[in-house]
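Visitor: Mind looking over this structure? Questions follow.
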Amino acid sequence: MLNIVVINGPNLNRLGKRQPDVYGSTTLQDIEADVANLASELGVHVEFFQSNYEGALLERIHQAADDGAGVVINPGAFTHTSVALRDALAEIADGLGFVEVHISNVHAREPFRHHSYLSDIARGVIAGLGTYGYSAAVRYFAEMEG
Ligand code: DQA
């Protein structure tokens, strides 16, 4: 069965409370419940992980590489700062690949959010579609790889 890991980086555990004008009122638990329902409908296996720590995210990505999983990742602010995250995700890119998701349209925001260390090695990037981006990414894997 196709295995997908949905990974959320720093501050995304605060969804629903944090800047609702930018990120909306949906919580991370709501998103994970919706994606879990979608995954069972599509017949794919999905796992979830969130951390505010860069090293913990790297180790979860290493695990996904060992499992041969596809990755859906909202790397939060590490998108714009982390070469280490890029290096870990490069291993995923050699396998099923990863989709980079942003709830907000980072290109319509501050200039420092316009650059991603990850986008050029991602299968695709979804930004600005709100929390629907996670479902769209899981659908992509199910349709292309399932
Ligand atoms: C974000 C955009 C990032 O710039 C920001 O640091 C986040 C969330 C998004 O989902 O829109 O934490 O990845």
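In the structure tokens, each chain is lettered A, B, ... as it comes, each chain's residues begin at 1, and ligands are numbered from 1 in order of appearance.
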Name each residue within 10 Å of ligand 1, counting only C-alpha atoms and all ligand atoms, as a count of residues only.
Guide: 43
Visitor: Env of A:Phe49: 8 Å cut, atoms = only C-alpha atoms, seq-sep filter 2 positions within chain, self excluded. Answer as a short mmCIF file (atom, residue, chain, number, x, y, z; two decimals) with C-alpha atoms, in the first residue's frame.
Guide:
```cif
data_model
loop_
_atom_site.label_atom_id
_atom_site.label_comp_id
_atom_site.auth_asym_id
_atom_site.auth_seq_id
_atom_site.Cartn_x
_atom_site.Cartn_y
_atom_site.Cartn_z
CA VAL A 5 3.85 10.91 5.67
CA VAL A 6 2.31 14.34 6.29
CA ILE A 7 4.87 16.45 8.12
CA ASN A 8 4.32 19.87 9.68
CA GLU A 47 1.02 8.94 8.96
CA SER A 51 7.63 19.18 15.42
CA ARG A 60 11.28 11.76 10.67
#
```
Visitor: Rank nothing, just name the residue among A:Ala108, A:Arg139, A:Ala84, A:Ala90 nearest to A:Ala56, using only C-alpha atoms.
Guide: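 When distances to A:Ala56 are compared using only C-alpha atoms, the smallest one comes from A:Ala84.
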Visitor: Apply DSSP to the structure's backbone, then extract all residues of stretch 19-146 of chain A labelled strand (DSSP E or B) and return them as a PyMOL selection string.
Guide: chain A and resi 45-50+70-74+98-102+124-127
Visitor: Just the selected residues (N, CA, C and O atoms), exported as a compact mmCIF listing (two decimals), in the first residue's frame, please.
Guide:
```txt
# COMPACT_ATOMS: atom_id res chain seq x y z
N HIS A 45 -2.08 4.57 2.83
CA HIS A 45 -1.72 4.63 4.24
C HIS A 45 -1.10 5.99 4.53
O HIS A 45 -0.23 6.45 3.78
N VAL A 46 -1.56 6.66 5.59
CA VAL A 46 -1.02 7.97 5.91
C VAL A 46 -0.59 8.03 7.37
O VAL A 46 -1.24 7.45 8.24
N GLU A 47 0.55 8.70 7.59
CA GLU A 47 1.02 8.94 8.96
C GLU A 47 1.27 10.44 9.11
O GLU A 47 1.53 11.12 8.11
N PHE A 48 1.21 10.91 10.36
CA PHE A 48 1.35 12.35 10.61
C PHE A 48 2.47 12.61 11.59
O PHE A 48 2.71 11.82 12.51
N PHE A 49 3.12 13.77 11.40
CA PHE A 49 4.18 14.16 12.33
C PHE A 49 4.27 15.68 12.35
O PHE A 49 4.22 16.31 11.30
N GLN A 50 4.39 16.23 13.54
CA GLN A 50 4.64 17.67 13.66
C GLN A 50 5.73 17.88 14.70
O GLN A 50 5.76 17.21 15.73
N GLY A 70 6.20 8.51 0.42
CA GLY A 70 6.09 9.85 -0.14
C GLY A 70 5.84 10.83 1.00
O GLY A 70 5.31 10.45 2.05
N VAL A 71 6.23 12.07 0.82
CA VAL A 71 6.12 13.05 1.90
C VAL A 71 5.33 14.27 1.42
O VAL A 71 5.56 14.79 0.33
N VAL A 72 4.39 14.68 2.27
CA VAL A 72 3.71 15.98 2.11
C VAL A 72 4.22 16.81 3.27
O VAL A 72 4.08 16.41 4.43
N ILE A 73 4.86 17.94 2.98
CA ILE A 73 5.46 18.70 4.06
C ILE A 73 5.14 20.19 3.98
O ILE A 73 5.27 20.81 2.93
N ASN A 74 4.66 20.70 5.11
CA ASN A 74 4.62 22.15 5.32
C ASN A 74 5.77 22.45 6.27
O ASN A 74 5.64 22.23 7.48
N PHE A 98 8.45 14.50 -2.75
CA PHE A 98 7.69 15.24 -1.74
C PHE A 98 6.98 16.42 -2.38
O PHE A 98 7.42 16.95 -3.41
N VAL A 99 5.86 16.78 -1.75
CA VAL A 99 5.10 17.97 -2.15
C VAL A 99 5.22 18.98 -1.02
O VAL A 99 4.98 18.66 0.15
N GLU A 100 5.63 20.20 -1.37
CA GLU A 100 5.76 21.30 -0.41
C GLU A 100 4.44 22.05 -0.35
O GLU A 100 3.92 22.49 -1.39
N VAL A 101 3.90 22.16 0.84
CA VAL A 101 2.59 22.81 1.02
C VAL A 101 2.73 24.03 1.90
O VAL A 101 3.40 23.98 2.94
N HIS A 102 2.11 25.12 1.49
CA HIS A 102 1.96 26.30 2.35
C HIS A 102 0.50 26.70 2.36
O HIS A 102 -0.13 26.78 1.29
N GLY A 124 6.18 19.11 -6.49
CA GLY A 124 5.33 20.26 -6.74
C GLY A 124 5.19 21.08 -5.48
O GLY A 124 5.58 20.64 -4.39
N VAL A 125 4.67 22.28 -5.65
CA VAL A 125 4.51 23.22 -4.55
C VAL A 125 3.08 23.73 -4.58
O VAL A 125 2.60 24.14 -5.65
N ILE A 126 2.42 23.70 -3.44
CA ILE A 126 1.05 24.24 -3.34
C ILE A 126 1.09 25.34 -2.30
O ILE A 126 1.47 25.10 -1.15
N ALA A 127 0.72 26.54 -2.71
CA ALA A 127 0.74 27.66 -1.76
C ALA A 127 -0.50 28.51 -1.96
O ALA A 127 -0.87 28.82 -3.11
```
Visitor: Skipping near chain neighbours, those fewer than 2 positions away, what residues fall within 10 Å of A:Ala39 using only C-alpha atoms, listed as a list in words?
Guide: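 Counting only C-alpha atoms, the residues come to Leu2, Asn3, Ile4, Ala33, Asp34, Val35, Ala36, Asn37, Glu41, Leu42, Gly43, Val44, His45, Val46, Glu47, Ser135, Val138, Arg139 and Ala142 of chain A.
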Visitor: Output all heavy atoms for every residue in the selection just made, as a short mmCIF file (atom, residue, chain, number, x, y, z; two decimals), in the first residue's frame.
Guide:
```cif
data_model
loop_
_atom_site.label_atom_id
_atom_site.label_comp_id
_atom_site.auth_asym_id
_atom_site.auth_seq_id
_atom_site.Cartn_x
_atom_site.Cartn_y
_atom_site.Cartn_z
N LEU A 2 0.47 2.24 -0.78
CA LEU A 2 1.21 3.50 -0.82
C LEU A 2 1.25 4.14 0.57
O LEU A 2 0.23 4.23 1.25
CB LEU A 2 0.52 4.44 -1.81
CG LEU A 2 1.08 5.85 -1.95
CD1 LEU A 2 2.50 5.83 -2.50
CD2 LEU A 2 0.18 6.67 -2.86
N ASN A 3 2.44 4.56 0.96
CA ASN A 3 2.66 5.11 2.30
C ASN A 3 3.01 6.60 2.16
O ASN A 3 3.97 6.95 1.47
CB ASN A 3 3.82 4.32 2.93
CG ASN A 3 3.99 4.61 4.39
OD1 ASN A 3 3.14 5.23 5.02
ND2 ASN A 3 5.11 4.18 4.94
N ILE A 4 2.25 7.45 2.82
CA ILE A 4 2.50 8.90 2.75
C ILE A 4 2.65 9.44 4.17
O ILE A 4 1.86 9.10 5.06
CB ILE A 4 1.32 9.63 2.07
CG1 ILE A 4 1.15 9.13 0.64
CG2 ILE A 4 1.54 11.15 2.07
CD1 ILE A 4 -0.14 9.58 0.00
N ALA A 33 -7.41 14.94 10.73
CA ALA A 33 -8.61 14.10 10.68
C ALA A 33 -9.17 14.07 9.25
O ALA A 33 -9.53 13.00 8.74
CB ALA A 33 -9.66 14.61 11.66
N ASP A 34 -9.21 15.23 8.59
CA ASP A 34 -9.71 15.29 7.21
C ASP A 34 -8.82 14.47 6.27
O ASP A 34 -9.32 13.74 5.42
CB ASP A 34 -9.72 16.75 6.70
CG ASP A 34 -10.88 17.54 7.28
OD1 ASP A 34 -11.74 16.93 7.97
OD2 ASP A 34 -10.90 18.77 7.07
N VAL A 35 -7.51 14.61 6.44
CA VAL A 35 -6.58 13.90 5.56
C VAL A 35 -6.66 12.39 5.82
O VAL A 35 -6.61 11.59 4.88
CB VAL A 35 -5.14 14.43 5.71
CG1 VAL A 35 -4.14 13.54 4.98
CG2 VAL A 35 -5.05 15.87 5.18
N ALA A 36 -6.84 12.01 7.08
CA ALA A 36 -6.97 10.57 7.40
C ALA A 36 -8.22 9.99 6.73
O ALA A 36 -8.19 8.89 6.17
CB ALA A 36 -7.03 10.37 8.92
N ASN A 37 -9.33 10.74 6.75
CA ASN A 37 -10.56 10.29 6.07
C ASN A 37 -10.33 10.15 4.58
O ASN A 37 -10.74 9.15 3.97
CB ASN A 37 -11.71 11.28 6.29
CG ASN A 37 -12.29 11.15 7.69
OD1 ASN A 37 -12.15 10.11 8.33
ND2 ASN A 37 -12.91 12.21 8.18
N GLU A 41 -10.47 6.75 2.16
CA GLU A 41 -11.30 6.76 0.95
C GLU A 41 -10.47 6.37 -0.29
O GLU A 41 -10.94 5.63 -1.15
CB GLU A 41 -11.76 8.21 0.75
CG GLU A 41 -13.12 8.45 0.16
CD GLU A 41 -13.36 9.97 0.18
OE1 GLU A 41 -13.81 10.47 1.24
OE2 GLU A 41 -13.06 10.62 -0.82
N LEU A 42 -9.23 6.88 -0.34
CA LEU A 42 -8.37 6.65 -1.52
C LEU A 42 -7.59 5.34 -1.42
O LEU A 42 -6.93 4.94 -2.38
CB LEU A 42 -7.38 7.81 -1.67
CG LEU A 42 -7.96 9.20 -1.93
CD1 LEU A 42 -6.87 10.27 -1.87
CD2 LEU A 42 -8.67 9.25 -3.28
N GLY A 43 -7.63 4.71 -0.24
CA GLY A 43 -6.91 3.45 -0.06
C GLY A 43 -5.41 3.62 0.06
O GLY A 43 -4.64 2.80 -0.45
N VAL A 44 -4.97 4.71 0.68
CA VAL A 44 -3.54 4.89 0.93
C VAL A 44 -3.29 4.97 2.44
O VAL A 44 -4.17 5.37 3.20
CB VAL A 44 -2.97 6.15 0.22
CG1 VAL A 44 -3.22 6.09 -1.27
CG2 VAL A 44 -3.54 7.44 0.78
N HIS A 45 -2.08 4.57 2.83
CA HIS A 45 -1.72 4.63 4.24
C HIS A 45 -1.10 5.99 4.53
O HIS A 45 -0.23 6.45 3.78
CB HIS A 45 -0.71 3.51 4.56
CG HIS A 45 -0.26 3.54 5.97
ND1 HIS A 45 -1.04 3.10 7.02
CD2 HIS A 45 0.91 3.96 6.52
CE1 HIS A 45 -0.37 3.26 8.15
NE2 HIS A 45 0.81 3.78 7.87
N VAL A 46 -1.56 6.66 5.59
CA VAL A 46 -1.02 7.97 5.91
C VAL A 46 -0.59 8.03 7.37
O VAL A 46 -1.24 7.45 8.24
CB VAL A 46 -2.03 9.09 5.52
CG1 VAL A 46 -3.20 9.14 6.49
CG2 VAL A 46 -1.37 10.44 5.44
N GLU A 47 0.55 8.70 7.59
CA GLU A 47 1.02 8.94 8.96
C GLU A 47 1.27 10.44 9.11
O GLU A 47 1.53 11.12 8.11
CB GLU A 47 2.33 8.18 9.21
CG GLU A 47 2.13 6.67 9.23
CD GLU A 47 3.43 5.90 9.27
OE1 GLU A 47 4.49 6.48 9.58
OE2 GLU A 47 3.38 4.70 8.95
N SER A 135 -4.82 18.11 1.31
CA SER A 135 -5.64 17.09 0.62
C SER A 135 -5.23 16.97 -0.84
O SER A 135 -5.16 15.86 -1.38
CB SER A 135 -7.13 17.46 0.67
OG SER A 135 -7.53 17.65 1.98
N VAL A 138 -2.11 14.88 -1.09
CA VAL A 138 -2.36 13.45 -0.87
C VAL A 138 -3.06 12.85 -2.10
O VAL A 138 -2.72 11.75 -2.55
CB VAL A 138 -3.17 13.23 0.43
CG1 VAL A 138 -3.69 11.79 0.52
CG2 VAL A 138 -2.31 13.57 1.64
N ARG A 139 -3.99 13.59 -2.67
CA ARG A 139 -4.66 13.12 -3.91
C ARG A 139 -3.65 12.94 -5.04
O ARG A 139 -3.74 12.00 -5.83
CB ARG A 139 -5.72 14.13 -4.37
CG ARG A 139 -7.03 13.98 -3.68
CD ARG A 139 -8.08 14.86 -4.34
NE ARG A 139 -9.27 14.89 -3.53
CZ ARG A 139 -10.19 13.92 -3.52
NH1 ARG A 139 -10.07 12.87 -4.31
NH2 ARG A 139 -11.24 14.01 -2.74
N ALA A 142 -1.90 9.68 -4.48
CA ALA A 142 -2.80 8.54 -4.72
C ALA A 142 -3.01 8.33 -6.21
O ALA A 142 -3.04 7.20 -6.70
CB ALA A 142 -4.13 8.77 -4.01
#
```
